[in-house]
$ cat my_file_33.tsv   # TSV, C-alpha atoms
chain	number	residue	atom	x	y	z
I	1	MET	CA	0.00	0.00	0.00
I	2	ARG	CA	2.81	2.37	0.95
I	3	VAL	CA	4.62	1.65	-2.32
I	4	ALA	CA	1.46	2.40	-4.26
I	5	VAL	CA	1.10	5.77	-2.55
I	6	VAL	CA	4.72	6.68	-3.30
I	7	VAL	CA	4.26	5.74	-6.96
I	8	LEU	CA	1.05	7.77	-7.16
I	9	LEU	CA	2.76	10.85	-5.67
I	10	ALA	CA	5.64	10.49	-8.13
I	11	LEU	CA	3.22	10.34	-11.04
I	12	CYS	CA	1.42	13.44	-9.77
I	13	LEU	CA	4.71	15.34	-9.75
I	14	LEU	CA	5.33	14.35	-13.35
I	15	VAL	CA	1.92	15.47	-14.58
I	16	PRO	CA	1.75	19.23	-15.31
I	17	THR	CA	-0.90	21.18	-13.46
I	18	ALA	CA	-3.68	22.94	-15.35
I	19	ALA	CA	-1.96	26.30	-14.72
I	20	GLN	CA	1.33	24.99	-16.09
I	21	ALA	CA	-0.41	23.54	-19.13
I	22	GLN	CA	-1.94	26.93	-19.90
I	23	LYS	CA	1.40	28.73	-19.93
I	24	VAL	CA	2.51	29.78	-23.38
I	25	GLN	CA	6.07	28.86	-24.27
I	26	PHE	CA	7.99	31.69	-25.95
I	27	ASP	CA	10.88	30.75	-28.25
I	28	PRO	CA	13.98	32.88	-27.44
I	29	GLN	CA	15.05	32.59	-31.08
I	30	VAL	CA	11.84	34.16	-32.37
I	31	THR	CA	11.21	37.90	-32.67
I	32	TYR	CA	7.63	38.56	-31.59
I	33	LYS	CA	5.39	41.42	-32.62
I	34	VAL	CA	4.50	42.86	-29.23
I	35	PRO	CA	1.51	45.20	-28.71
I	36	SER	CA	2.20	48.12	-26.37
I	37	ASP	CA	0.42	51.14	-27.87
I	38	GLY	CA	-0.16	53.88	-25.33
I	39	ALA	CA	1.48	52.06	-22.40
I	40	PRO	CA	3.74	54.14	-20.12
I	41	SER	CA	7.33	54.38	-21.33
I	42	LEU	CA	10.64	55.43	-19.81
I	43	GLY	CA	13.75	56.40	-21.72
I	44	PRO	CA	14.43	58.09	-25.05
I	45	ASP	CA	11.92	57.59	-27.86
I	46	ASP	CA	14.77	57.02	-30.33
I	47	ALA	CA	16.42	54.29	-28.25
I	48	LEU	CA	17.84	51.43	-30.30
I	49	VAL	CA	16.42	48.82	-27.92
I	50	THR	CA	12.91	48.71	-26.49
I	51	ILE	CA	11.94	46.46	-23.60
I	52	VAL	CA	8.24	45.74	-23.21
I	53	GLU	CA	7.52	44.46	-19.71
I	54	PHE	CA	4.34	42.55	-18.81
I	55	SER	CA	4.15	42.83	-15.04
I	56	ASP	CA	1.95	42.88	-11.94
I	57	PHE	CA	2.57	45.05	-8.86
I	58	TYR	CA	1.38	42.21	-6.61
I	59	CYS	CA	3.78	39.64	-8.11
I	60	GLY	CA	6.86	38.88	-5.99
I	61	PHE	CA	8.96	37.92	-9.00
I	62	CYS	CA	8.01	41.18	-10.72
I	63	ARG	CA	9.30	43.11	-7.72
I	64	ARG	CA	12.62	41.30	-7.98
I	65	ALA	CA	12.78	41.92	-11.72
I	66	ASN	CA	12.11	45.63	-11.22
I	67	THR	CA	15.44	45.98	-9.38
I	68	THR	CA	17.22	44.26	-12.27
I	69	LEU	CA	15.56	46.52	-14.82
I	70	ARG	CA	16.61	49.64	-12.93
I	71	GLN	CA	20.22	48.43	-12.97
I	72	LEU	CA	19.89	47.73	-16.68
I	73	MET	CA	18.53	51.21	-17.41
I	74	GLN	CA	21.48	52.71	-15.54
I	75	LEU	CA	23.91	50.70	-17.69
I	76	TYR	CA	22.24	51.83	-20.93
I	77	PRO	CA	20.71	55.29	-20.26
I	78	ARG	CA	20.59	56.32	-23.93
I	79	GLU	CA	20.15	52.96	-25.60
I	80	LEU	CA	17.09	51.60	-23.78
I	81	ARG	CA	13.42	52.45	-23.64
I	82	LEU	CA	11.20	50.59	-21.17
I	83	ILE	CA	7.45	50.13	-21.72
I	84	TYR	CA	5.27	48.87	-18.87
I	85	VAL	CA	2.15	46.85	-19.68
I	86	HIS	CA	-0.10	46.03	-16.73
I	87	THR	CA	-0.78	42.30	-16.49
I	88	PRO	CA	-2.61	41.70	-13.20
I	89	LEU	CA	-2.79	38.00	-12.40
I	90	ASP	CA	-6.27	38.62	-10.99
I	91	PRO	CA	-7.86	41.18	-13.36
I	92	GLU	CA	-11.11	41.14	-11.40
I	93	GLU	CA	-9.79	41.79	-7.89
I	94	GLY	CA	-6.04	42.48	-7.95
I	95	THR	CA	-6.07	45.77	-9.86
I	96	LEU	CA	-5.98	48.42	-7.14
I	97	ALA	CA	-2.27	49.24	-7.42
I	98	ALA	CA	-2.41	49.23	-11.22
I	99	GLU	CA	-5.32	51.67	-11.23
I	100	ALA	CA	-3.53	53.88	-8.69
I	101	SER	CA	-0.48	54.04	-10.95
I	102	LEU	CA	-2.65	54.97	-13.93
I	103	ALA	CA	-4.35	57.67	-11.84
I	104	ALA	CA	-0.88	59.01	-11.04
I	105	GLY	CA	0.02	58.72	-14.72
I	106	ALA	CA	-2.94	60.93	-15.60
I	107	GLN	CA	-1.15	63.60	-13.56
I	108	GLY	CA	2.23	62.89	-15.18
I	109	LEU	CA	3.64	60.78	-12.33
I	110	PHE	CA	3.25	57.18	-13.43
I	111	TRP	CA	6.90	56.19	-12.95
I	112	PRO	CA	7.34	57.77	-9.49
I	113	MET	CA	4.18	55.93	-8.37
I	114	HIS	CA	5.42	52.75	-10.07
I	115	ASP	CA	8.68	52.97	-8.10
I	116	ARG	CA	6.95	53.68	-4.79
I	117	ILE	CA	4.61	50.71	-5.19
I	118	PHE	CA	7.41	48.30	-6.05
I	119	SER	CA	9.67	49.59	-3.26
I	120	GLY	CA	6.93	49.44	-0.60
I	121	PRO	CA	5.33	46.43	1.06
I	122	ARG	CA	3.72	43.91	-1.25
I	123	GLY	CA	-0.05	44.12	-1.51
I	124	ALA	CA	-0.48	47.84	-0.78
I	125	GLY	CA	-4.04	48.77	0.12
I	126	PRO	CA	-5.99	51.97	-0.60
I	127	GLU	CA	-4.70	53.90	2.42
I	128	LEU	CA	-1.04	53.26	1.62
I	129	LEU	CA	-1.54	54.00	-2.08
I	130	GLU	CA	-3.18	57.30	-1.22
I	131	ARG	CA	-0.26	58.10	1.06
I	132	TYR	CA	2.07	57.51	-1.89
I	133	ALA	CA	-0.08	59.81	-4.01
I	134	ARG	CA	0.05	62.51	-1.35
I	135	ASP	CA	3.82	62.15	-0.89
I	136	LEU	CA	4.33	62.50	-4.65
I	137	GLY	CA	2.33	65.73	-4.70
I	138	LEU	CA	-0.67	64.51	-6.68
I	139	ASP	CA	-3.92	66.43	-6.68
I	140	ILE	CA	-5.54	64.24	-4.02
I	141	ALA	CA	-9.11	65.30	-4.83
I	142	ARG	CA	-8.59	64.28	-8.44
I	143	TYR	CA	-6.82	61.07	-7.42
I	144	ARG	CA	-9.66	60.10	-5.08
I	145	SER	CA	-12.25	60.86	-7.73
I	146	ASP	CA	-10.41	58.71	-10.27
I	147	MET	CA	-10.08	55.81	-7.84
I	148	ARG	CA	-13.67	56.04	-6.64
I	149	SER	CA	-15.09	56.13	-10.19
I	150	ARG	CA	-12.52	53.61	-11.50
I	151	ALA	CA	-11.76	56.13	-14.23
I	152	HIS	CA	-8.78	54.14	-15.53
I	153	ARG	CA	-10.37	50.70	-15.46
I	154	ARG	CA	-10.94	50.70	-19.22
I	155	GLU	CA	-7.30	51.62	-19.87
I	156	LEU	CA	-6.20	48.81	-17.56
I	157	MET	CA	-8.37	46.32	-19.42
I	158	ARG	CA	-6.76	47.49	-22.66
I	159	HIS	CA	-3.41	46.51	-21.15
I	160	VAL	CA	-4.81	43.13	-20.13
I	161	ALA	CA	-6.04	42.61	-23.70
I	162	MET	CA	-2.52	43.24	-25.03
I	163	GLY	CA	-1.19	40.48	-22.79
I	164	ASN	CA	-4.01	38.17	-23.79
I	165	GLN	CA	-3.20	38.82	-27.44
I	166	LEU	CA	0.23	37.28	-26.85
I	167	GLY	CA	-1.15	34.50	-24.65
I	168	ILE	CA	0.61	35.68	-21.49
I	169	ARG	CA	-0.54	33.76	-18.40
I	170	SER	CA	2.28	34.52	-15.95
I	171	THR	CA	4.47	37.44	-14.94
I	172	PRO	CA	6.97	38.90	-15.42
I	173	ILE	CA	7.67	38.47	-19.12
I	174	PHE	CA	9.88	40.81	-21.15
I	175	PHE	CA	10.38	41.34	-24.86
I	176	ILE	CA	13.65	43.00	-25.86
I	177	ASN	CA	13.12	44.24	-29.40
I	178	GLY	CA	10.66	41.36	-29.59
I	179	LYS	CA	12.99	38.71	-28.11
I	180	PRO	CA	11.39	37.09	-25.03
I	181	ILE	CA	12.80	36.66	-21.54
I	182	VAL	CA	10.47	34.79	-19.19
I	183	GLY	CA	10.68	35.29	-15.45
I	184	ALA	CA	12.87	37.28	-13.06
I	185	ARG	CA	16.23	36.45	-14.60
I	186	GLY	CA	19.64	37.74	-13.56
I	187	LEU	CA	21.14	40.98	-14.86
I	188	GLY	CA	23.60	39.05	-17.04
I	189	VAL	CA	20.77	37.45	-19.02
I	190	PHE	CA	19.30	40.86	-19.86
I	191	VAL	CA	22.72	42.35	-20.70
I	192	ARG	CA	23.44	39.53	-23.14
I	193	VAL	CA	20.18	40.01	-25.06
I	194	VAL	CA	20.48	43.82	-24.98
I	195	GLU	CA	24.03	43.65	-26.38
I	196	GLU	CA	22.88	41.32	-29.16
I	197	GLU	CA	20.02	43.63	-30.06
I	198	LEU	CA	22.22	46.73	-29.89
I	199	ALA	CA	24.69	45.16	-32.30
I	200	ARG	CA	21.88	44.17	-34.66
I	201	ALA	CA	20.23	47.59	-34.46
I	202	ARG	CA	23.52	49.42	-35.09
I	203	ASN	CA	24.12	47.30	-38.18
I	204	VAL	CA	20.65	48.19	-39.43
I	205	VAL	CA	21.34	51.89	-38.84
I	206	LYS	CA	24.63	51.64	-40.76

$ encode --input "my_file_33.tsv" --output "structure tokens"
Amino acid sequence: MRVAVVVLLALCLLVPTAAQAQKVQFDPQVTYKVPSDGAPSLGPDDALVTIVEFSDFYCGFCRRANTTLRQLMQLYPRELRLIYVHTPLDPEEGTLAAEASLAAGAQGLFWPMHDRIFSGPRGAGPELLERYARDLGLDIARYRSDMRSRAHRRELMRHVAMGNQLGIRSTPIFFINGKPIVGARGLGVFVRVVEEELARARNVVK
């Protein structure tokens, strides 16, 4: 009986879960056409390399990856542009931080709010998010009105649709000039792909 149980457990470990089965596999050798129209961007518009990030403020791996991206942007201040596409893992309930960042973005402060959310405790609630908004100097009356009316919910759902178009089911996922990196990888992984894309882009420019 004990042997049978052990065998059964081993088989269960070998069988992918439903969530794993739904994950889309991205080929690192393929250049994907990545939708990102209108999403917040950071860095020069004429940068040779664009990173499109599909991320969720409530995702622990996304928080780790954010530190890596900041280091990467410091290494390539003129060569990189970063685009952030909201991909909440729970688009029905887990959208509060995303909507707060879009409310800040409506007042020109998306990236400062983005940084405060990622640097603060995971799972920030409405009181803490409003404190961030106040600290950043947002018009609090306007911020409260936007949050109360869910003024940026439609924009957030447009972001979700862009992720769905690619089949994204987990975060974070990055596309560097269309080349995918899945998960919170080390800085060296990003540097390698960025250098490859810089070399390719410079050849195209020549």

$ atom_distance --input "my_file_33.tsv" --atom1 "CA of Tyr84 (chain I)" --atom2 "CA of Ala39 (chain I)"
6.1 Å

$ residues_around --input "my_file_33.tsv" --residues "Pro126 (chain I)" --least-positions-apart "2" --cutoff "9 Å" --atoms "only C-alpha atoms" --output "JSON, numbers by chain"
{"I": [96, 97, 100, 124, 128, 129, 130, 131]}

$ closest_residue --input "my_file_33.tsv" --among "I:Thr31, I:Thr171, I:Gln107, I:Asn164" --to "Tyr143 (chain I)" --atoms "all atoms listed in the file"
I:Gln107

$ closest_atom_pairs --input "my_file_33.tsv" --of "region 120-176 of chain I" --to "region 47-51 of chain I" --cutoff "10 Å" --atoms "all atoms listed in the file" --output "tab-separated table"
residue	atom	partner	partner_atom	distance
I:Phe174	CA	I:Ile51	CA	6.5
I:Phe175	CA	I:Ile51	CA	5.5
I:Ile176	CA	I:Ile51	CA	4.5

$ write_last_selection --input "my_file_33.tsv" --atoms "C-alpha atoms" --output "PDB file, keeping the file's coordinate frame"
ATOM      1  CA  PHE I 174       9.880  40.810 -21.150  1.00  0.00           C
ATOM      2  CA  PHE I 175      10.380  41.340 -24.860  1.00  0.00           C
ATOM      3  CA  ILE I 176      13.650  43.000 -25.860  1.00  0.00           C
TER       4      ILE I 176
END

$ axis_aligned_box --input "my_file_33.tsv" --around "region 25-43 of chain I" --padding-each-side "3 Å" --output "AutoDock Vina command-line options"
--center_x 7.4 --center_y 42.6 --center_z -26.2 --size_x 21.2 --size_y 33.5 --size_z 18.9

$ residues_around --input "my_file_33.tsv" --residues "region 195-198 of chain I" --least-positions-apart "3" --cutoff "12 Å" --atoms "all atoms listed in the file" --output "number ranges by chain"
I: 29, 31, 47-51, 72, 75-76, 78-80, 175-180, 188-192, 201-205

$ closest_residue --input "my_file_33.tsv" --among "I:Leu109, I:Ala65, I:Ala98, I:Leu166" --to "Ser41 (chain I)" --atoms "all atoms listed in the file"
I:Leu109

$ closest_residue --input "my_file_33.tsv" --among "I:Glu92, I:Gly105, I:Glu99, I:Pro77" --to "Gly38 (chain I)" --atoms "only C-alpha atoms"
I:Gly105

$ atom_distance --input "my_file_33.tsv" --atom1 "CA of Pro91 (chain I)" --atom2 "CA of Met147 (chain I)"
15.8 Å

$ atom_distance --input "my_file_33.tsv" --atom1 "CA of Asp37 (chain I)" --atom2 "CA of Gly163 (chain I)"
11.9 Å

$ closest_residue --input "my_file_33.tsv" --among "I:Val34, I:Ala103, I:Leu69, I:Leu89" --to "Glu155 (chain I)" --atoms "all atoms listed in the file"
I:Ala103

$ closest_residue --input "my_file_33.tsv" --among "I:Phe57, I:Asp46, I:Ser149, I:Pro28" --to "Arg116 (chain I)" --atoms "all atoms listed in the file"
I:Phe57

$ closest_residue --input "my_file_33.tsv" --among "I:Ser119, I:His159, I:Tyr132, I:Ala106" --to "Asp146 (chain I)" --atoms "only C-alpha atoms"
I:Ala106
